[in-house]
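> Contents of target34.csv (CSV, C-alpha atoms and all ligand atoms) are below:
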```csv
chain,number,residue,atom,x,y,z
A,29,PRO,CA,115.7,227.7,67.3
A,30,PRO,CA,117.8,224.5,68.1
A,31,VAL,CA,120.4,224.7,70.8
A,32,SER,CA,123.7,225.4,69.1
A,33,THR,CA,127.1,225.1,70.6
A,34,ALA,CA,130.4,226.9,69.8
A,35,ILE,CA,133.6,225.2,70.9
A,36,ILE,CA,136.7,227.3,71.1
A,37,GLY,CA,139.8,225.0,70.6
A,38,ALA,CA,140.0,222.0,68.4
A,39,GLY,CA,142.5,220.0,70.4
A,40,ILE,CA,141.5,216.5,71.4
A,41,ALA,CA,139.3,217.9,74.3
A,42,GLY,CA,137.3,220.2,72.1
A,43,LEU,CA,137.0,217.6,69.4
A,44,ALA,CA,135.8,214.9,71.8
A,45,CYS,CA,133.2,217.3,73.2
A,46,GLY,CA,132.1,218.1,69.6
A,47,GLN,CA,131.8,214.4,68.7
A,48,ALA,CA,129.7,213.7,71.8
A,49,LEU,CA,127.3,216.6,70.9
A,50,ARG,CA,127.2,215.5,67.2
A,51,ALA,CA,126.4,211.9,68.3
A,52,ALA,CA,123.3,213.4,70.1
A,53,GLY,CA,122.3,215.1,66.8
A,54,LEU,CA,123.1,218.6,68.1
A,55,PRO,CA,124.6,221.4,65.9
A,56,VAL,CA,128.2,222.3,66.9
A,57,HIS,CA,130.8,224.7,65.4
A,58,LEU,CA,134.5,224.6,66.4
A,59,PHE,CA,137.0,227.4,66.1
A,60,ASP,CA,140.8,227.0,66.3
A,61,LYS,CA,143.6,229.6,65.8
A,62,GLY,CA,145.9,226.9,64.4
A,63,ARG,CA,146.3,226.0,60.7
A,64,GLY,CA,144.6,222.7,61.5
A,65,PRO,CA,143.0,220.9,64.4
A,66,GLY,CA,145.2,219.0,66.9
A,67,GLY,CA,146.7,221.5,69.3
A,68,ARG,CA,149.3,219.7,71.4
A,69,MET,CA,149.0,216.5,69.4
A,70,SER,CA,150.2,218.3,66.2
A,71,SER,CA,153.0,217.2,63.9
A,72,ARG,CA,155.2,219.2,61.6
A,73,ARG,CA,156.2,218.5,58.0
A,74,LEU,CA,159.8,219.0,57.1
A,75,PRO,CA,161.3,218.3,53.7
A,76,GLY,CA,161.5,214.5,53.8
A,77,ALA,CA,160.2,213.8,57.3
A,78,VAL,CA,157.2,214.4,59.6
A,79,VAL,CA,158.1,215.1,63.3
A,80,ASP,CA,155.8,215.1,66.3
A,81,LEU,CA,156.2,218.2,68.3
A,82,GLY,CA,153.8,217.7,71.2
A,83,ALA,CA,152.7,214.5,72.8
A,84,GLN,CA,155.0,211.6,71.8
A,85,PHE,CA,152.7,208.8,72.9
A,86,PHE,CA,149.7,208.2,75.2
A,87,SER,CA,148.6,205.6,77.6
A,88,VAL,CA,145.1,204.2,78.3
A,89,ARG,CA,143.5,203.7,81.8
A,90,ASP,CA,139.8,204.5,81.5
A,91,PRO,CA,137.5,201.9,79.9
A,92,ALA,CA,135.6,204.5,77.7
A,93,PHE,CA,138.9,205.8,76.3
A,94,ARG,CA,140.1,202.2,75.8
A,95,ARG,CA,137.0,201.5,73.6
A,96,ARG,CA,137.7,204.6,71.6
A,97,VAL,CA,141.4,203.7,71.2
A,98,THR,CA,140.5,200.1,70.2
A,99,ALA,CA,138.3,201.4,67.5
A,100,TRP,CA,141.0,203.8,66.2
A,101,ARG,CA,143.4,201.0,66.3
A,102,GLU,CA,141.2,198.7,64.3
A,103,ALA,CA,140.7,201.5,61.7
A,104,GLY,CA,144.5,202.0,61.5
A,105,HIS,CA,144.6,205.5,63.1
A,106,VAL,CA,146.7,204.4,66.1
A,107,ALA,CA,149.3,201.7,66.8
A,108,SER,CA,151.3,200.5,69.8
A,109,TRP,CA,154.5,202.4,70.1
A,110,PRO,CA,157.3,202.3,71.2
A,111,GLU,CA,158.0,198.6,71.3
A,112,THR,CA,161.0,199.3,73.6
A,113,LEU,CA,161.8,202.3,75.6
A,114,TRP,CA,165.4,203.2,76.6
A,115,GLN,CA,166.6,205.0,79.6
A,116,VAL,CA,169.8,206.9,80.1
A,117,THR,CA,171.0,207.1,83.7
A,118,GLU,CA,174.4,208.1,85.2
A,119,THR,CA,175.6,204.6,84.3
A,120,GLY,CA,174.6,204.8,80.6
A,121,TRP,CA,171.9,203.4,78.3
A,122,ARG,CA,169.6,200.6,79.3
A,123,SER,CA,166.4,199.1,78.2
A,124,HIS,CA,163.4,200.2,80.3
A,125,ARG,CA,160.5,197.8,80.8
A,126,ASP,CA,157.4,198.8,82.7
A,127,ASN,CA,154.6,196.8,80.9
A,128,VAL,CA,152.7,200.0,80.1
A,129,GLU,CA,151.2,199.9,76.7
A,130,ARG,CA,151.6,203.1,74.8
A,131,PHE,CA,150.0,204.3,71.6
A,132,ILE,CA,150.8,206.8,68.8
A,133,GLY,CA,148.8,208.1,65.8
A,134,THR,CA,149.7,206.7,62.4
A,135,PRO,CA,151.2,207.8,60.2
A,136,ARG,CA,151.7,210.8,62.5
A,137,MET,CA,150.4,211.9,65.9
A,138,SER,CA,148.0,214.4,64.4
A,139,ALA,CA,146.2,211.5,62.6
A,140,VAL,CA,144.2,211.0,65.9
A,141,THR,CA,142.8,214.5,66.0
A,142,ARG,CA,142.3,214.5,62.2
A,143,GLN,CA,140.2,211.5,62.6
A,144,LEU,CA,138.2,213.0,65.5
A,145,ALA,CA,137.6,216.1,63.4
A,146,GLU,CA,135.8,214.1,60.7
A,147,GLY,CA,132.2,215.2,60.3
A,148,LEU,CA,132.7,218.3,62.5
A,149,GLU,CA,132.7,221.8,61.2
A,150,VAL,CA,136.1,223.4,62.3
A,151,ALA,CA,137.0,227.0,61.4
A,152,THR,CA,140.8,227.0,61.5
A,153,GLY,CA,143.0,230.1,61.4
A,154,THR,CA,140.3,231.7,63.6
A,155,ARG,CA,141.5,233.0,67.0
A,156,ILE,CA,138.6,234.0,69.2
A,157,ALA,CA,139.6,237.2,71.0
A,158,ARG,CA,136.5,237.8,73.1
A,159,LEU,CA,133.0,236.7,73.9
A,160,ALA,CA,129.9,238.9,73.9
A,161,SER,CA,126.5,238.0,75.3
A,162,HIS,CA,123.3,239.5,74.1
A,163,ASP,CA,119.7,238.5,74.9
A,164,GLY,CA,120.8,235.2,76.3
A,165,GLN,CA,122.9,234.3,73.2
A,166,TRP,CA,126.6,234.3,72.7
A,167,TRP,CA,128.7,235.9,70.0
A,168,LEU,CA,132.4,235.1,69.3
A,169,LEU,CA,134.7,237.8,68.0
A,170,ASP,CA,137.8,236.8,66.2
A,171,GLN,CA,141.2,238.4,65.6
A,172,HIS,CA,139.7,240.4,62.7
A,173,ASP,CA,136.8,241.5,64.9
A,174,ALA,CA,134.5,239.4,62.7
A,175,ARG,CA,131.4,238.1,64.7
A,176,HIS,CA,130.4,234.4,64.8
A,177,GLY,CA,127.1,233.3,66.2
A,178,PRO,CA,124.7,233.5,67.8
A,179,PHE,CA,125.2,230.4,69.9
A,180,THR,CA,123.2,229.1,72.9
A,181,ARG,CA,126.3,227.7,74.6
A,182,VAL,CA,130.1,228.2,74.4
A,183,VAL,CA,132.6,225.5,75.4
A,184,ILE,CA,136.1,226.8,76.0
A,185,ALA,CA,138.6,224.0,75.3
A,186,VAL,CA,141.9,225.9,75.4
A,187,PRO,CA,144.7,225.8,77.9
A,188,THR,CA,143.5,227.4,81.2
A,189,PRO,CA,145.5,230.7,81.1
A,190,GLN,CA,144.0,231.4,77.6
A,191,ALA,CA,140.6,230.4,78.9
A,192,ALA,CA,140.9,232.9,81.8
A,193,ALA,CA,141.5,235.7,79.3
A,194,LEU,CA,138.3,234.8,77.4
A,195,LEU,CA,136.3,234.6,80.6
A,196,ALA,CA,137.4,238.0,82.0
A,197,GLY,CA,134.3,240.2,82.4
A,198,HIS,CA,131.9,237.3,82.1
A,199,GLU,CA,132.5,234.7,84.8
A,200,ALA,CA,134.9,235.9,87.5
A,201,ALA,CA,134.7,232.6,89.5
A,202,LEU,CA,135.6,230.5,86.5
A,203,ALA,CA,138.4,232.8,85.4
A,204,GLU,CA,139.8,232.5,88.9
A,205,ALA,CA,139.5,228.7,88.8
A,206,CYS,CA,141.5,228.8,85.5
A,207,GLU,CA,144.2,230.9,87.0
A,208,ALA,CA,144.7,228.4,89.8
A,209,VAL,CA,145.8,225.7,87.3
A,210,ILE,CA,149.5,226.1,86.5
A,211,GLN,CA,150.3,225.2,82.9
A,212,ARG,CA,154.1,224.5,82.6
A,213,PRO,CA,156.1,225.3,79.4
A,214,CYS,CA,158.1,222.9,77.3
A,215,TRP,CA,160.6,223.5,74.5
A,216,THR,CA,160.5,220.8,71.8
A,217,ALA,CA,163.2,220.6,69.1
A,218,TRP,CA,163.5,218.7,65.9
A,219,ALA,CA,166.7,217.6,64.1
A,220,ARG,CA,166.7,216.1,60.6
A,221,PHE,CA,169.8,214.2,59.3
A,222,ASP,CA,170.8,213.1,55.8
A,223,ALA,CA,173.3,210.6,57.2
A,224,PRO,CA,172.1,207.6,59.2
A,225,LEU,CA,172.6,207.8,63.0
A,226,PRO,CA,175.6,205.9,64.2
A,227,SER,CA,175.2,202.5,66.1
A,228,LEU,CA,175.3,202.8,69.8
A,229,PRO,CA,177.2,200.1,71.6
A,230,GLY,CA,174.9,197.9,73.7
A,231,VAL,CA,171.7,199.5,72.2
A,232,ASP,CA,169.5,198.0,69.4
A,233,ASP,CA,170.0,199.6,66.1
A,234,ASP,CA,166.3,200.3,65.8
A,235,TRP,CA,166.0,202.0,69.2
A,236,GLN,CA,162.9,204.2,69.1
A,237,ALA,CA,162.7,206.4,72.1
A,238,VAL,CA,164.8,207.2,75.1
A,239,ARG,CA,164.1,208.9,78.5
A,240,LEU,CA,166.9,210.8,80.1
A,241,ASP,CA,167.2,210.9,83.8
A,242,PRO,CA,168.4,214.2,85.2
A,243,GLY,CA,172.1,214.2,85.9
A,244,GLN,CA,172.7,214.0,89.6
A,245,GLU,CA,175.4,216.6,89.6
A,246,ARG,CA,173.2,219.5,88.4
A,247,PRO,CA,169.7,220.8,89.1
A,248,PRO,CA,167.0,219.9,86.5
A,249,ALA,CA,166.8,223.6,85.5
A,250,ASP,CA,170.3,223.3,84.2
A,251,ASP,CA,169.8,219.9,82.5
A,252,PRO,CA,167.9,220.5,79.2
A,253,LEU,CA,166.8,217.2,77.8
A,254,ARG,CA,164.2,214.7,79.1
A,255,PHE,CA,163.1,212.6,76.1
A,256,VAL,CA,164.1,211.8,72.5
A,257,SER,CA,162.2,209.9,69.8
A,258,ARG,CA,163.1,208.8,66.3
A,259,ASN,CA,160.4,209.8,64.0
A,260,ASP,CA,161.3,207.5,61.2
A,261,HIS,CA,161.1,204.6,63.7
A,262,LYS,CA,157.4,205.3,64.3
A,263,PRO,CA,154.6,203.2,62.6
A,264,GLY,CA,153.9,204.3,59.1
A,265,ARG,CA,157.0,206.5,58.7
A,266,HIS,CA,159.7,204.0,57.8
A,267,GLY,CA,161.7,205.1,54.8
A,268,GLN,CA,161.6,208.7,55.7
A,269,GLY,CA,164.8,210.5,56.4
A,270,GLU,CA,166.2,210.2,60.0
A,271,SER,CA,164.8,212.8,62.4
A,272,LEU,CA,164.7,213.3,66.1
A,273,SER,CA,162.1,215.0,68.4
A,274,LEU,CA,163.9,216.3,71.5
A,275,LEU,CA,161.7,217.3,74.5
A,276,ALA,CA,163.1,219.6,77.1
A,277,ARG,CA,162.7,219.2,80.9
A,278,LEU,CA,159.9,221.5,82.1
A,279,GLU,CA,162.2,223.0,84.7
A,280,TRP,CA,164.8,223.9,82.1
A,281,SER,CA,162.0,225.3,79.8
A,282,GLU,CA,160.8,227.5,82.6
A,283,ALA,CA,164.3,228.8,83.2
A,284,HIS,CA,164.8,229.4,79.4
A,285,LEU,CA,161.6,231.0,78.1
A,286,ALA,CA,163.5,233.9,76.5
A,287,LEU,CA,165.9,231.8,74.4
A,288,ASP,CA,165.5,232.1,70.7
A,289,ALA,CA,164.4,228.9,69.0
A,290,GLU,CA,167.7,228.3,67.3
A,291,ALA,CA,169.6,228.5,70.6
A,292,ALA,CA,167.0,226.2,72.3
A,293,ALA,CA,167.3,223.6,69.5
A,294,ARG,CA,171.1,223.7,69.7
A,295,ALA,CA,171.1,223.3,73.5
A,296,LEU,CA,168.8,220.3,73.3
A,297,LEU,CA,170.9,218.6,70.5
A,298,ASP,CA,174.1,219.3,72.4
A,299,ALA,CA,172.6,217.7,75.5
A,300,PHE,CA,171.8,214.6,73.5
A,301,ARG,CA,175.3,214.5,72.2
A,302,GLU,CA,176.6,214.6,75.8
A,303,ARG,CA,174.5,211.6,76.8
A,304,LEU,CA,175.6,209.3,73.9
A,305,PRO,CA,177.9,206.5,74.7
A,306,ARG,CA,181.6,207.5,74.7
A,307,GLY,CA,183.2,207.7,71.3
A,308,VAL,CA,179.9,208.0,69.4
A,309,THR,CA,179.5,211.2,67.3
A,310,LEU,CA,176.3,212.4,65.8
A,311,PRO,CA,176.3,213.8,62.2
A,312,GLU,CA,175.4,217.5,61.7
A,313,PRO,CA,171.7,218.0,61.2
A,314,THR,CA,170.5,219.3,57.9
A,315,ASP,CA,167.4,220.9,59.6
A,316,LEU,CA,167.3,222.0,63.2
A,317,GLY,CA,164.6,224.0,64.9
A,318,ALA,CA,162.4,224.3,68.0
A,319,HIS,CA,159.0,225.2,69.2
A,320,LEU,CA,158.1,226.6,72.6
A,321,TRP,CA,154.8,225.3,74.1
A,322,ARG,CA,154.0,228.1,76.5
A,323,TYR,CA,151.3,225.9,78.1
A,324,ALA,CA,152.5,222.4,77.6
A,325,GLN,CA,151.3,220.4,80.6
A,326,PRO,CA,149.1,221.3,83.5
A,327,ASP,CA,150.5,220.9,87.0
A,328,VAL,CA,147.2,219.7,88.5
A,329,PHE,CA,149.0,218.5,91.6
A,330,ALA,CA,150.5,222.0,92.3
A,331,ALA,CA,148.0,222.6,95.1
A,332,GLY,CA,148.9,219.3,96.8
A,333,GLU,CA,146.0,217.4,95.3
A,334,ALA,CA,144.6,216.6,91.9
A,335,VAL,CA,142.1,219.2,90.6
A,336,ASN,CA,140.2,216.3,89.1
A,337,LEU,CA,137.0,218.1,88.4
A,338,ASP,CA,136.9,216.7,84.9
A,339,TYR,CA,135.3,219.8,83.4
A,340,ARG,CA,133.6,223.1,84.6
A,341,ARG,CA,130.2,224.5,83.9
A,342,ALA,CA,128.7,227.9,84.7
A,343,SER,CA,125.2,229.2,84.3
A,344,ALA,CA,124.6,231.3,81.2
A,345,GLY,CA,125.7,228.5,78.9
A,346,LEU,CA,129.5,228.7,79.5
A,347,ALA,CA,131.6,225.5,80.1
A,348,LEU,CA,135.2,224.5,80.0
A,349,CYS,CA,137.1,221.3,79.3
A,350,GLY,CA,140.7,220.3,78.6
A,351,ASP,CA,143.6,218.6,80.3
A,352,GLY,CA,143.9,221.4,82.9
A,353,TRP,CA,140.8,220.1,84.7
A,354,ARG,CA,141.8,216.4,84.9
A,355,GLY,CA,145.5,215.7,84.4
A,356,PRO,CA,148.5,216.1,82.2
A,357,ARG,CA,147.7,213.5,79.5
A,358,VAL,CA,146.0,213.0,76.2
A,359,GLU,CA,143.6,210.6,77.9
A,360,ASP,CA,142.6,213.2,80.5
A,361,ALA,CA,142.0,215.8,77.7
A,362,TRP,CA,139.8,213.3,75.8
A,363,LEU,CA,137.8,212.3,78.9
A,364,SER,CA,137.3,215.9,79.9
A,365,GLY,CA,135.8,216.8,76.5
A,366,HIS,CA,133.9,213.6,76.1
A,367,HIS,CA,132.2,213.8,79.6
A,368,LEU,CA,131.3,217.5,79.1
A,369,GLY,CA,129.8,216.8,75.7
A,370,GLU,CA,127.7,214.0,77.1
A,371,ALA,CA,126.6,216.1,80.0
A,372,LEU,CA,125.6,219.0,77.7
A,373,ALA,CA,123.7,216.6,75.4
A,374,ALA,CA,121.8,215.1,78.4
A,375,ASP,CA,120.8,218.6,79.4
A,376,THR,CA,119.5,219.7,76.1
A,377,PRO,CA,115.7,220.1,76.0
B,1,LIG,P1,145.2,221.6,73.2
B,1,LIG,O1,145.7,220.4,72.5
B,1,LIG,O2,146.2,222.6,73.6
B,1,LIG,O3,144.0,222.3,72.4
B,1,LIG,C1,143.7,223.6,72.5
B,1,LIG,C2,143.4,224.2,71.1
B,1,LIG,O4,142.9,225.5,71.3
B,1,LIG,C3,144.7,224.4,70.3
B,1,LIG,O5,144.5,223.7,69.1
B,1,LIG,C4,144.8,225.9,70.1
B,1,LIG,O6,145.3,226.2,68.9
B,1,LIG,C5,143.4,226.4,70.4
B,1,LIG,N1,143.3,227.7,70.9
B,1,LIG,C6,143.9,228.3,72.0
B,1,LIG,N2,143.4,229.6,72.2
B,1,LIG,C7,142.5,229.8,71.2
B,1,LIG,C8,141.7,230.9,70.8
B,1,LIG,N3,141.7,232.1,71.6
B,1,LIG,N4,140.9,230.8,69.8
B,1,LIG,C9,140.9,229.7,69.0
B,1,LIG,N5,141.6,228.6,69.3
B,1,LIG,C10,142.4,228.7,70.3
B,1,LIG,N6,150.3,213.7,76.9
B,1,LIG,C11,150.4,212.3,77.0
B,1,LIG,O7,149.4,211.6,77.3
B,1,LIG,N7,151.6,211.7,76.8
B,1,LIG,C12,152.7,212.4,76.5
B,1,LIG,O8,153.8,211.8,76.3
B,1,LIG,C13,152.7,213.8,76.4
B,1,LIG,N8,153.7,214.5,76.0
B,1,LIG,C14,153.6,215.9,75.8
B,1,LIG,C15,154.7,216.6,75.3
B,1,LIG,C16,154.6,217.9,75.0
B,1,LIG,C17,155.8,218.7,74.4
B,1,LIG,C18,153.3,218.6,75.1
B,1,LIG,C19,153.2,220.0,74.7
B,1,LIG,C20,152.2,217.9,75.6
B,1,LIG,C21,152.4,216.5,76.0
B,1,LIG,N9,151.3,215.8,76.5
B,1,LIG,C22,151.4,214.4,76.6
B,1,LIG,C23,150.0,216.4,76.9
B,1,LIG,C24,148.9,216.4,75.8
B,1,LIG,O9,149.4,216.7,74.6
B,1,LIG,C25,147.8,217.3,76.2
B,1,LIG,O10,147.4,217.0,77.5
B,1,LIG,C26,146.6,217.3,75.3
B,1,LIG,O11,146.9,217.2,73.9
B,1,LIG,C27,145.8,218.5,75.6
B,1,LIG,O12,144.6,218.6,74.7
B,1,LIG,P2,143.6,219.8,74.9
B,1,LIG,O13,142.5,219.6,73.8
B,1,LIG,O14,143.2,219.9,76.3
B,1,LIG,O15,144.4,221.1,74.6
```
I'd like the structure from this file rewritten - as structure tokens, please.
Ligand code: FAD

Amino acid sequence: PPVSTAIIGAGIAGLACGQALRAAGLPVHLFDKGRGPGGRMSSRRLPGAVVDLGAQFFSVRDPAFRRRVTAWREAGHVASWPETLWQVTETGWRSHRDNVERFIGTPRMSAVTRQLAEGLEVATGTRIARLASHDGQWWLLDQHDARHGPFTRVVIAVPTPQAAALLAGHEAALAEACEAVIQRPCWTAWARFDAPLPSLPGVDDDWQAVRLDPGQERPPADDPLRFVSRNDHKPGRHGQGESLSLLARLEWSEAHLALDAEAAARALLDAFRERLPRGVTLPEPTDLGAHLWRYAQPDVFAAGEAVNLDYRRASAGLALCGDGWRGPRVEDAWLSGHHLGEALAADTP
């Protein structure tokens, strides 16, 4: 029978791996527990607005990723954004220029992964609970104990702590390698407004995104907010109602894992109010909520150096990819999956 590959996780890493295998003409089946593909590049539909809850933009360094992003851009799936980035320091709001080009999916971040999923078979709403091997073949068991397979190979493209759970009992060394990668949590809130946002003195009326430096008088774990973007000021979303995505500091998120979502959303919005220029008041939101990303971004430098292994392979047809093996960015996740897919394709008899 032909070599068949199962990929657990249809975030950008799993999808990039799947596309590289498909390009080599190999059968591939993806499984994701989410309602759709996308993982940490997902967006949420609210009445009258779409908000990005994970990655807010991504940058490009690697030539292979640049070629991919250029093709997406020409096809209208990504655009440059933000045009200007603002920064709030102790002394107030100022325009922040660093000459880094950043990109976003259009008309929402999830357009990138939706595009990557095209032509791939993705079973959504399917959480793989465990793996079983039999006669050199792999079976996947889902949350309902239904079996999927058999497959010659299994690629695990989920955050490392979740990968470790799937590997337990199969590949102790790989499970241990997963546990060594720290994935830090992040609260992300959204706030939707019926009224327009007030003008900010000294700031363009169409400001798009702002980075908030930690206040000097308190530790980062006590300072909730690190980044705010305006969803209706993103390409392809003009004319929607005003809405904000509010990203928490990782230190604050770690210290507030047990908050309920409403309290987290309230804390992030209050922190934004505090950092507005004096005299400016924000209208009350008509919709306010928050999502906790338990494994938001890997701390690949935790051990003092980058893990930078790109992806991991074991004998017996198991392999792993995802941002945890390379770095904390969309680009790292794509490269990890793409390189693994190419290596597996090259190894196929
Ligand atoms: P994921 O996107 O997490 O994909 C893993 C998939 O596996 C998910 O879809 C999940 O549903 C699925 N899954 C997990 N377990 C199972 C299971 N047992 N069975 C089936 N499916 C399963 N990057 C940037 O470049 N720039 C940024 O500005 C930026 N900001 C960020 C802000 C936030 C709040 C977050 C959360 C992330 C941010 N990132 C940013 C990081 C970036 O989003 C990630 O590095 C990248 O999306 C990771 O892709 P991935 O495919 O490795 O993992």
> Got a sec: who's within 12 Å of Gly307 in chain A, counting all atoms listed in the file, leaving out chain neighbours fewer than 5 positions off, as a PyMOL selection string?
chain A and resi 226-229+301-302
> Hey, what's within 9 Å of Ala193 in chain A if we count all atoms listed in the file and toss same-chain stuff fewer than 5 positions away? As a list in words, please?
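Here the answer would be Ala157, Arg158, Thr188 and Ala203 of chain A.
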> Could you give me the residues within 6 Å of ligand LIG 1 (chain B), counting only C-alpha atoms and all ligand atoms, as a ChimeraX atom specification?
/A:36-42,59-62,65-69,82-86,154-157,185-187,190,214,216,321,324-325,350-351,356-359,361
> Return the single residue from A:Leu144, A:Phe131, A:Gly230, A:Leu296 that is closest to Thr98 in chain A, with distances computed using only C-alpha atoms.
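Selected residue with least distance to Thr98 in chain A: A:Phe131.
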> Show which residues sit within 8 Å of Trp121 in chain A, as a ChimeraX atom specification. Count only C-alpha atoms, and ignore same-chain residues fewer than 4 positions away.
/A:114-117,230-231,305
> Name the residues in contact with range 273-284 of chain A at a cut-off of 8 Å, using all atoms listed in the file, excluding same-chain residues fewer than 6 positions from it; report them as a count of residues only.
25
> With only C-alpha atoms as the basis for distance, which of A:Lys262, A:Arg322, A:Arg306, A:His57 is at the shortest distance from Leu168 in chain A?
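Using only C-alpha atoms, the shortest distance to Leu168 in chain A belongs to A:His57.
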> List the spatial neighbours of range 89-93 of chain A as a list in words - criterion: any atom at most 12 Å away, only C-alpha atoms, same-chain residues fewer than 3 positions off excluded.
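The filter keeps Ala44, Phe86, Arg96, Val97, Thr98, Ala99, Trp100, Arg101, Val128, Glu129, Arg130, Arg357, Val358, Glu359, Asp360, Ala361, Trp362, Leu363, Ser364, Gly365, His366 and His367 of chain A.
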> Quick one: distance from CA of Asp338 in chain A to CA of Val140 in chain A in Å, one decimal?
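Taking CA of Asp338 in chain A as the start and CA of Val140 in chain A as the end point, the length is 21.1 Å.
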> Work out how far apart CA of His261 in chain A and CA of Gln236 in chain A are and give it in Å to one decimal.
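Result for CA of His261 in chain A versus CA of Gln236 in chain A: 5.7 Å, one decimal.
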> For a quick check of understanding, using all atoms listed in the file, which of A:Trp166, A:Thr314, A:Asp233, A:Val56 has the smallest distance to Ala151 in chain A?
A:Val56
> For CA of Trp109 in chain A and CA of Ile132 in chain A, determine how far apart the two atoms are, in Å to one decimal place.
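Separating CA of Trp109 in chain A from CA of Ile132 in chain A is a distance of 5.9 Å.
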> For Ser71 in chain A, which residue among A:Arg220, A:His162, A:His176, A:Arg136 is the nearest when counting only C-alpha atoms?
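Among the listed residues, A:Arg136 lies closest to Ser71 in chain A.
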> With distances taken over all atoms listed in the file, which residue among A:Ala174, A:Leu240, A:Leu58, A:Val150 lies nearest Leu113 in chain A?
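Going through A:Ala174, A:Leu240, A:Leu58, A:Val150 one by one, the smallest distance to Leu113 in chain A is for A:Leu240.
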